[in-house]
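**Student:** Sharing a structure with you now.
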Amino acid sequence: MSSLLCSASSSSSGDQLLSQKKSFKSQTKSSSVGATSSNKQKRRFTNLKAIIDPMDRSFDEFMDSRSSSDDGSIRCSIDGDEFTVSKAEMEAELLRKKMASMGGEMLRDPKDFVSTRGQRVQCGVHFGICSLLAMRGVYLDAIVMDGDVGAIAARAFATLFASYALADLGTGIFHWSVDNYGDKNTPVAGNVIDAFQGHHRWPWTITKRQWANNIHKTCIAPLLFTVPQLLVFGGSDMQGSGDSDLFFGSFWALVVLSQQTHAWAHMKPSEQPKIVTKLQDMNLMLTRKDHGAHHRSPFEGHYCIVNGWWNPLLDDSRFFRKLERMIYEGTGVAPRCWTEDDFEVEEDAPDGFGQGVL
């Protein structure tokens, strides 16, 4: 049996923690085993796993028990093999282990991909409310415009275009948040968070789900916004027009439908409706190439999934990296994209999957 001894050593520089934050990702990559790793690096990674695997406490509890310094490192010895483990390296391995445990088991029964009556009802309620908002918005605009069809159409088009563009941004922020923070025990969004992690492992499953089966999970949260808009706030903007109703009705409809544009972005052109392929070619809908860039470990970009228009701006400006650093510095919580995944990806569905059922 291997013997493990660990002791704390304090940092000689008060700025080490900030340095760890800046280089967290590069340190975590160096602690994983790659094809070009040296024997020393492999031994170091094995030693690191020997520390992490038996732990049943949180990282902070472990560090607090070893060092009074928040930026301290741990000097360890396993069977006489001495080495030092930084906080960033240990945090990275814990993050990898948590990621590996997320996503549940892959669904293997094709019947689990079939839409149920309950799922259809969820979708019907959501899109019914969105439709009522949109229709009331157009009606109120018609009153304000004294029935001027041209003016009504122009105003409606401008509102719908704004909702189409901003829905893409909204899905990007939401996608980034569930990809990087929380787990299946997170209130309200736990099931969605776990499902997104499972999607990274088995991306093909989204292409086999029937429509309501695919999007129903995203129909619940928007009710927190659409119901109050319908019953309380609708038509109350300063001009007395229906712009807010039309915008929010179309915005939340598109946010939920993004799960379907997401699915189409995983399909081959031969599997898509022809109109979808045409819209993708025109860059009016999320493309396979754009979303394919997201499905590369560590899943750190291309989060927007309606049309992908915001992806270049958000990624090139490092918007999410800056936001992640702010969160890490304020809370000490690192996003999942700061480390490499530790699981295999199954890109394609098993041959003949779902025949006779889907």
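Here, A, B, ... name the chains of the structure tokens in the order displayed, residue numbers run from 1 inside each chain, and ligands are numbered from 1 in the same displayed order.
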Kindly provide the residues of range 252-277 of chain A that approach range 305-309 of chain A to within 12 Å, each paired with its closest atom pair and their distance in Å to one decimal, based on only C-alpha atoms, listed by chain and increasing number, as a Markdown table.
**Tutor:**
```
| residue | atom | partner | partner_atom | distance |
| --- | --- | --- | --- | --- |
| A:Trp252 | CA | A:Val306 | CA | 11.8 |
| A:Ala253 | CA | A:Val306 | CA | 11.2 |
| A:Leu254 | CA | A:Val306 | CA | 7.5 |
| A:Val255 | CA | A:Val306 | CA | 7.5 |
| A:Val256 | CA | A:Val306 | CA | 9.5 |
| A:Leu257 | CA | A:Val306 | CA | 7.9 |
| A:Ser258 | CA | A:Val306 | CA | 5.0 |
| A:Gln259 | CA | A:Ile305 | CA | 7.6 |
| A:Gln260 | CA | A:Val306 | CA | 8.8 |
| A:Thr261 | CA | A:Val306 | CA | 6.1 |
| A:His262 | CA | A:Ile305 | CA | 5.8 |
| A:Ala263 | CA | A:Ile305 | CA | 9.6 |
| A:Trp264 | CA | A:Ile305 | CA | 10.3 |
| A:Ala265 | CA | A:Ile305 | CA | 8.6 |
| A:His266 | CA | A:Ile305 | CA | 11.3 |
| A:Val276 | CA | A:Asn307 | CA | 11.5 |
```
**Student:** Need to verify the contact set: Trp211 in chain A, 9 Å, only C-alpha atoms, exclusion of same-chain residues closer than 3 positions in sequence. Can you return it as a ChimeraX atom specification?
**Tutor:** /A:114-115,120,214-216,260
**Student:** Could you check the closest approach to Ser250 in chain A for each of A:Pro228, A:Pro222, A:Gly330, A:Pro298 and tell me which residue wins, using only C-alpha atoms?
**Tutor:**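 Smallest separation from Ser250 in chain A among the options: A:Pro222.
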**Student:** Identify all residues of range 70-316 of chain A in strand (DSSP E) (DSSP on the backbone) and supply them as a PyMOL selection string.
**Tutor:** chain A and resi 73-78+81-85
**Student:** What does the distance between CA of Pro203 in chain A and CA of Gly352 in chain A come to in Å, to one decimal place?
**Tutor:** 16.6 Å
**Student:** Which one of A:Val232, A:Leu223, A:Leu323, A:Met285 sits closest to Val125 in chain A if you count only C-alpha atoms?
**Tutor:** A:Leu223
**Student:** State, in Å with one decimal place, the distance from CA of Thr339 in chain A to CA of Trp204 in chain A.
**Tutor:**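 So the two atoms, CA of Thr339 in chain A and CA of Trp204 in chain A, lie 23.4 Å apart.
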**Student:** Which polymer residues have any atom within 8 Å of an atom of Asp290 in chain A, counting only C-alpha atoms, with same-chain residues fewer than 4 positions away left out, as a list in words?
**Tutor:**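 What passes the distance filter is Leu286, His294, His302 and Gly308 of chain A.
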**Student:** Which is closest to Gln210 in chain A among A:Lys111, A:Arg336, A:Arg288, A:His295, if we use only C-alpha atoms?
**Tutor:**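 Answer, going by the shortest atom-to-atom distance: A:Lys111.
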